[in-house]
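Novice: Okay, so here is entry23.csv, and as you'll see once you scroll down, it has CSV, N, CA and C atoms and all ligand atoms.
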chain,number,residue,atom,x,y,z
M,976,MET,N,8.3,-22.0,-19.1
M,976,MET,CA,8.5,-20.8,-18.3
M,976,MET,C,7.4,-19.8,-18.6
M,977,ASP,N,7.0,-19.2,-17.6
M,977,ASP,CA,5.9,-18.2,-17.9
M,977,ASP,C,6.3,-16.9,-17.1
M,978,ASP,N,7.1,-16.1,-17.7
M,978,ASP,CA,7.6,-14.9,-17.1
M,978,ASP,C,6.5,-13.8,-16.9
M,979,GLU,N,5.4,-13.9,-17.6
M,979,GLU,CA,4.4,-12.9,-17.5
M,979,GLU,C,3.4,-13.2,-16.4
M,980,ASP,N,3.5,-14.4,-15.8
M,980,ASP,CA,2.6,-14.7,-14.7
M,980,ASP,C,2.9,-14.0,-13.5
M,981,PHE,N,2.2,-13.0,-13.1
M,981,PHE,CA,2.4,-12.2,-12.0
M,981,PHE,C,1.6,-12.7,-10.8
M,982,SER,N,2.3,-13.6,-10.1
M,982,SER,CA,1.5,-14.4,-9.1
M,982,SER,C,1.7,-13.7,-7.7
M,983,LEU,N,0.6,-13.0,-7.4
M,983,LEU,CA,0.5,-12.4,-6.1
M,983,LEU,C,-0.2,-13.3,-5.1
M,984,GLY,N,0.1,-13.0,-3.8
M,984,GLY,CA,-0.7,-13.8,-2.8
M,984,GLY,C,-0.1,-15.2,-2.6
M,985,ASP,N,1.0,-15.5,-3.1
M,985,ASP,CA,1.6,-16.8,-2.9
M,985,ASP,C,2.8,-16.8,-1.9
M,986,GLY,N,2.9,-15.7,-1.2
M,986,GLY,CA,3.9,-15.6,-0.2
M,986,GLY,C,5.2,-14.8,-0.5
M,987,VAL,N,5.3,-14.4,-1.8
M,987,VAL,CA,6.5,-13.7,-2.1
M,987,VAL,C,6.2,-12.2,-2.2
M,988,ALA,N,5.0,-11.8,-2.3
M,988,ALA,CA,4.6,-10.3,-2.4
M,988,ALA,C,4.6,-9.7,-1.0
M,989,ASP,N,5.0,-8.5,-0.9
M,989,ASP,CA,4.9,-7.7,0.3
M,989,ASP,C,3.5,-7.7,0.8
M,990,ASP,N,3.3,-7.9,2.1
M,990,ASP,CA,2.0,-7.8,2.7
M,990,ASP,C,1.9,-6.8,3.8
M,991,THR,N,3.0,-6.1,4.1
M,991,THR,CA,3.0,-4.9,4.9
M,991,THR,C,3.9,-3.9,4.4
M,992,SER,N,3.6,-2.6,4.8
M,992,SER,CA,4.5,-1.5,4.3
M,992,SER,C,4.6,-0.5,5.4
M,993,LEU,N,5.7,0.1,5.5
M,993,LEU,CA,5.9,1.2,6.5
M,993,LEU,C,5.7,2.6,5.7
M,994,VAL,N,4.7,3.3,6.1
M,994,VAL,CA,4.4,4.6,5.5
M,994,VAL,C,4.4,5.7,6.5
M,995,TYR,N,4.5,6.9,6.1
M,995,TYR,CA,4.5,8.1,7.0
M,995,TYR,C,3.3,8.9,6.7
M,996,CYS,N,2.6,9.2,7.8
M,996,CYS,CA,1.3,10.0,7.7
M,996,CYS,C,1.5,11.3,7.0
M,997,ALA,N,0.6,11.6,6.1
M,997,ALA,CA,0.6,12.9,5.4
M,997,ALA,C,0.2,14.1,6.3
M,998,TYR,N,-0.4,13.7,7.4
M,998,TYR,CA,-0.9,14.8,8.4
M,998,TYR,C,0.1,15.0,9.5
M,999,CYS,N,0.4,13.9,10.3
M,999,CYS,CA,1.1,14.0,11.5
M,999,CYS,C,2.6,13.6,11.4
M,1000,GLY,N,2.9,12.9,10.3
M,1000,GLY,CA,4.3,12.5,10.0
M,1000,GLY,C,4.7,11.3,10.7
M,1001,GLU,N,3.8,10.6,11.5
M,1001,GLU,CA,4.2,9.5,12.2
M,1001,GLU,C,4.3,8.2,11.3
M,1002,PRO,N,5.2,7.3,11.6
M,1002,PRO,CA,5.3,6.1,10.8
M,1002,PRO,C,4.2,5.2,11.2
M,1003,ASN,N,3.6,4.5,10.2
M,1003,ASN,CA,2.5,3.5,10.4
M,1003,ASN,C,2.9,2.3,9.6
M,1004,GLU,N,2.8,1.1,10.2
M,1004,GLU,CA,2.9,-0.1,9.4
M,1004,GLU,C,1.5,-0.6,9.0
M,1005,ILE,N,1.3,-0.6,7.7
M,1005,ILE,CA,-0.1,-0.9,7.2
M,1005,ILE,C,0.0,-2.3,6.6
M,1006,ALA,N,-1.2,-3.0,6.6
M,1006,ALA,CA,-1.3,-4.3,6.0
M,1006,ALA,C,-1.7,-4.1,4.5
M,1007,LEU,N,-1.1,-4.9,3.7
M,1007,LEU,CA,-1.4,-4.8,2.2
M,1007,LEU,C,-2.1,-6.1,1.9
M,1008,ASP,N,-2.8,-6.1,0.8
M,1008,ASP,CA,-3.5,-7.4,0.3
M,1008,ASP,C,-3.0,-7.6,-1.1
M,1009,PRO,N,-2.0,-8.5,-1.2
M,1009,PRO,CA,-1.4,-8.8,-2.6
M,1009,PRO,C,-2.5,-9.4,-3.5
M,1010,GLY,N,-3.5,-10.0,-3.0
M,1010,GLY,CA,-4.5,-10.7,-3.8
M,1010,GLY,C,-5.5,-9.7,-4.4
M,1011,SER,N,-5.4,-8.5,-4.1
M,1011,SER,CA,-6.4,-7.5,-4.6
M,1011,SER,C,-5.9,-6.8,-5.9
M,1012,GLY,N,-4.8,-7.2,-6.4
M,1012,GLY,CA,-4.3,-6.7,-7.7
M,1012,GLY,C,-3.0,-6.0,-7.7
M,1013,SER,N,-2.4,-5.7,-8.8
M,1013,SER,CA,-1.1,-5.1,-8.9
M,1013,SER,C,-1.1,-3.6,-8.7
M,1014,VAL,N,-2.3,-3.0,-8.9
M,1014,VAL,CA,-2.5,-1.6,-8.6
M,1014,VAL,C,-3.7,-1.4,-7.8
M,1015,GLN,N,-3.6,-0.8,-6.6
M,1015,GLN,CA,-4.7,-0.6,-5.7
M,1015,GLN,C,-4.7,0.8,-5.2
M,1016,GLU,N,-6.0,1.3,-4.9
M,1016,GLU,CA,-6.1,2.6,-4.4
M,1016,GLU,C,-7.3,2.6,-3.4
M,1017,TYR,N,-7.1,3.0,-2.2
M,1017,TYR,CA,-8.2,3.0,-1.3
M,1017,TYR,C,-7.9,4.0,-0.1
M,1018,ILE,N,-8.9,4.2,0.7
M,1018,ILE,CA,-8.8,5.1,1.8
M,1018,ILE,C,-8.5,4.3,3.1
M,1019,GLU,N,-7.5,4.8,3.8
M,1019,GLU,CA,-7.2,4.2,5.1
M,1019,GLU,C,-6.9,5.3,6.1
M,1020,ASP,N,-7.3,5.1,7.4
M,1020,ASP,CA,-7.1,6.1,8.4
M,1020,ASP,C,-5.8,5.9,9.1
M,1021,CYS,N,-5.1,7.0,9.4
M,1021,CYS,CA,-3.9,7.0,10.2
M,1021,CYS,C,-4.2,6.4,11.5
M,1022,GLN,N,-3.2,5.5,11.9
M,1022,GLN,CA,-3.4,4.8,13.2
M,1022,GLN,C,-3.1,5.8,14.4
M,1023,VAL,N,-2.4,6.9,14.1
M,1023,VAL,CA,-2.0,7.8,15.1
M,1023,VAL,C,-3.0,9.0,15.3
M,1024,CYS,N,-3.3,9.6,14.1
M,1024,CYS,CA,-4.2,10.8,14.2
M,1024,CYS,C,-5.5,10.6,13.6
M,1025,CYS,N,-5.8,9.5,13.0
M,1025,CYS,CA,-7.1,9.1,12.5
M,1025,CYS,C,-7.6,9.9,11.3
M,1026,GLN,N,-6.7,10.7,10.7
M,1026,GLN,CA,-7.0,11.4,9.5
M,1026,GLN,C,-7.0,10.4,8.3
M,1027,PRO,N,-7.9,10.6,7.3
M,1027,PRO,CA,-8.0,9.7,6.1
M,1027,PRO,C,-6.8,9.9,5.1
M,1028,TRP,N,-6.2,8.8,4.7
M,1028,TRP,CA,-5.2,8.9,3.6
M,1028,TRP,C,-5.8,8.3,2.4
M,1029,LEU,N,-5.4,8.8,1.3
M,1029,LEU,CA,-5.5,8.0,0.0
M,1029,LEU,C,-4.3,7.2,-0.2
M,1030,VAL,N,-4.4,5.9,-0.1
M,1030,VAL,CA,-3.3,4.9,-0.2
M,1030,VAL,C,-3.3,4.4,-1.7
M,1031,VAL,N,-2.1,4.5,-2.3
M,1031,VAL,CA,-1.9,3.9,-3.6
M,1031,VAL,C,-0.8,2.9,-3.6
M,1032,VAL,N,-1.1,1.7,-4.0
M,1032,VAL,CA,-0.2,0.6,-3.9
M,1032,VAL,C,0.1,0.1,-5.4
M,1033,HIS,N,1.4,0.0,-5.7
M,1033,HIS,CA,1.8,-0.5,-7.0
M,1033,HIS,C,2.7,-1.7,-6.7
M,1034,TYR,N,2.3,-2.9,-7.1
M,1034,TYR,CA,3.2,-4.0,-7.0
M,1034,TYR,C,4.2,-4.2,-8.2
M,1035,MET,N,5.4,-4.3,-7.8
M,1035,MET,CA,6.4,-4.5,-8.9
M,1035,MET,C,6.4,-6.0,-9.3
M,1036,PRO,N,7.0,-6.3,-10.4
M,1036,PRO,CA,7.0,-7.7,-10.9
M,1036,PRO,C,7.7,-8.7,-9.9
M,1037,ASP,N,8.6,-8.2,-9.1
M,1037,ASP,CA,9.3,-9.0,-8.1
M,1037,ASP,C,8.5,-9.2,-6.8
M,1038,GLY,N,7.3,-8.6,-6.8
M,1038,GLY,CA,6.4,-8.7,-5.6
M,1038,GLY,C,6.6,-7.7,-4.6
M,1039,SER,N,7.6,-6.8,-4.8
M,1039,SER,CA,7.7,-5.7,-3.8
M,1039,SER,C,6.6,-4.6,-4.1
M,1040,ALA,N,6.2,-4.0,-3.0
M,1040,ALA,CA,5.1,-3.0,-3.1
M,1040,ALA,C,5.7,-1.6,-3.0
M,1041,GLN,N,5.3,-0.7,-3.9
M,1041,GLN,CA,5.6,0.7,-3.7
M,1041,GLN,C,4.3,1.4,-3.2
M,1042,VAL,N,4.3,2.0,-2.1
M,1042,VAL,CA,3.1,2.5,-1.4
M,1042,VAL,C,3.3,4.0,-1.3
M,1043,THR,N,2.3,4.7,-1.7
M,1043,THR,CA,2.2,6.2,-1.5
M,1043,THR,C,1.0,6.5,-0.8
M,1044,VAL,N,1.1,7.4,0.2
M,1044,VAL,CA,0.0,7.9,1.0
M,1044,VAL,C,-0.1,9.4,0.8
M,1045,SER,N,-1.3,9.9,0.7
M,1045,SER,CA,-1.5,11.4,0.6
M,1045,SER,C,-2.7,11.7,1.3
M,1046,ALA,N,-2.9,13.0,1.6
M,1046,ALA,CA,-4.1,13.4,2.3
M,1046,ALA,C,-5.4,13.2,1.4
M,1047,ALA,N,-6.3,12.5,1.9
M,1047,ALA,CA,-7.5,12.1,1.1
M,1047,ALA,C,-8.4,13.3,0.9
M,1048,ASP,N,-8.3,14.2,1.8
M,1048,ASP,CA,-9.2,15.4,1.7
M,1048,ASP,C,-8.5,16.6,1.1
M,1049,GLY,N,-7.4,16.4,0.5
M,1049,GLY,CA,-6.5,17.4,0.0
M,1049,GLY,C,-6.9,18.2,-1.2
M,1050,ASP,N,-7.8,17.6,-2.0
M,1050,ASP,CA,-8.0,18.3,-3.3
M,1050,ASP,C,-9.5,18.8,-3.3
M,1101,ZN,ZN,-1.4,10.8,11.3
Go ahead and render the structure in this file as structure tokens.
Ligand SMILES: [Zn+2]
Specialist:
Amino acid sequence: MDDEDFSLGDGVADDTSLVYCAYCGEPNEIALDPGSGSVQEYIEDCQVCCQPWLVVVHYMPDGSAQVTVSAADGD
């Protein structure tokens, strides 16, 4: 058994997430890439108002993703 093997990208990890825009508040379903690592941070534009988000993704050991979006131009 290898409990420490965090195998992403094999079909068990979340590959989409529903997030709410930090600007307009509209729900957006965004695509995730489990193969890019257990912690990810990148810029993505809102599909509704086209403002830039800072997207932070944390994959849990069970493959579920915790996704946080915030205003990328906010600081
Ligand atoms: Zn928006």
Novice: Report the distance between CA of Asp1020 in chain M and CA of Val987 in chain M in Å, rounded to one decimal place.
Specialist: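 A separation of 26.2 Å between them.
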Novice: So the first atom is atom N of Cys1024 in chain M and the second is atom C of Ala997 in chain M; what is the distance between them in Å, to one decimal place?
Specialist: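 One can read the atom N of Cys1024 in chain M to atom C of Ala997 in chain M distance as 9.7 Å.
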Novice: What residues have any atom no more than 7 Å from ligand ZN 1101 (chain M) when counting only C-alpha atoms and all ligand atoms, and can you list them as a PDB file with N, CA and C atoms, in the coordinates of the input?
Specialist:
ATOM      1  N   CYS M 996       2.600   9.200   7.800  1.00  0.00           N
ATOM      2  CA  CYS M 996       1.300  10.000   7.700  1.00  0.00           C
ATOM      3  C   CYS M 996       1.500  11.300   7.000  1.00  0.00           C
ATOM      4  N   ALA M 997       0.600  11.600   6.100  1.00  0.00           N
ATOM      5  CA  ALA M 997       0.600  12.900   5.400  1.00  0.00           C
ATOM      6  C   ALA M 997       0.200  14.100   6.300  1.00  0.00           C
ATOM      7  N   TYR M 998      -0.400  13.700   7.400  1.00  0.00           N
ATOM      8  CA  TYR M 998      -0.900  14.800   8.400  1.00  0.00           C
ATOM      9  C   TYR M 998       0.100  15.000   9.500  1.00  0.00           C
ATOM     10  N   CYS M 999       0.400  13.900  10.300  1.00  0.00           N
ATOM     11  CA  CYS M 999       1.100  14.000  11.500  1.00  0.00           C
ATOM     12  C   CYS M 999       2.600  13.600  11.400  1.00  0.00           C
ATOM     13  N   GLY M1000       2.900  12.900  10.300  1.00  0.00           N
ATOM     14  CA  GLY M1000       4.300  12.500  10.000  1.00  0.00           C
ATOM     15  C   GLY M1000       4.700  11.300  10.700  1.00  0.00           C
ATOM     16  N   GLU M1001       3.800  10.600  11.500  1.00  0.00           N
ATOM     17  CA  GLU M1001       4.200   9.500  12.200  1.00  0.00           C
ATOM     18  C   GLU M1001       4.300   8.200  11.300  1.00  0.00           C
ATOM     19  N   CYS M1021      -5.100   7.000   9.400  1.00  0.00           N
ATOM     20  CA  CYS M1021      -3.900   7.000  10.200  1.00  0.00           C
ATOM     21  C   CYS M1021      -4.200   6.400  11.500  1.00  0.00           C
ATOM     22  N   GLN M1022      -3.200   5.500  11.900  1.00  0.00           N
ATOM     23  CA  GLN M1022      -3.400   4.800  13.200  1.00  0.00           C
ATOM     24  C   GLN M1022      -3.100   5.800  14.400  1.00  0.00           C
ATOM     25  N   VAL M1023      -2.400   6.900  14.100  1.00  0.00           N
ATOM     26  CA  VAL M1023      -2.000   7.800  15.100  1.00  0.00           C
ATOM     27  C   VAL M1023      -3.000   9.000  15.300  1.00  0.00           C
ATOM     28  N   CYS M1024      -3.300   9.600  14.100  1.00  0.00           N
ATOM     29  CA  CYS M1024      -4.200  10.800  14.200  1.00  0.00           C
ATOM     30  C   CYS M1024      -5.500  10.600  13.600  1.00  0.00           C
ATOM     31  N   CYS M1025      -5.800   9.500  13.000  1.00  0.00           N
ATOM     32  CA  CYS M1025      -7.100   9.100  12.500  1.00  0.00           C
ATOM     33  C   CYS M1025      -7.600   9.900  11.300  1.00  0.00           C
ATOM     34  N   GLN M1026      -6.700  10.700  10.700  1.00  0.00           N
ATOM     35  CA  GLN M1026      -7.000  11.400   9.500  1.00  0.00           C
ATOM     36  C   GLN M1026      -7.000  10.400   8.300  1.00  0.00           C
TER      37      GLN M1026
END
Novice: Excluding same-chain residues fewer than 5 positions from Leu993 in chain M, what lies within 6 Å of it counting only N, CA and C atoms, as JSON, numbers by chain?
Specialist: {"M": [1003, 1004, 1005]}
Novice: DSSP on the backbone: what in chain M comes out strand (DSSP E or B), as a ChimeraX atom specification?
Specialist: /M:991-995,1002-1006,1014-1020,1027-1034,1040-1046
Novice: Grab the atom C of Asp1048 in chain M to atom N of Glu1019 in chain M distance for me, in Å with one decimal place.
Specialist: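 So the answer is 12.1 Å.
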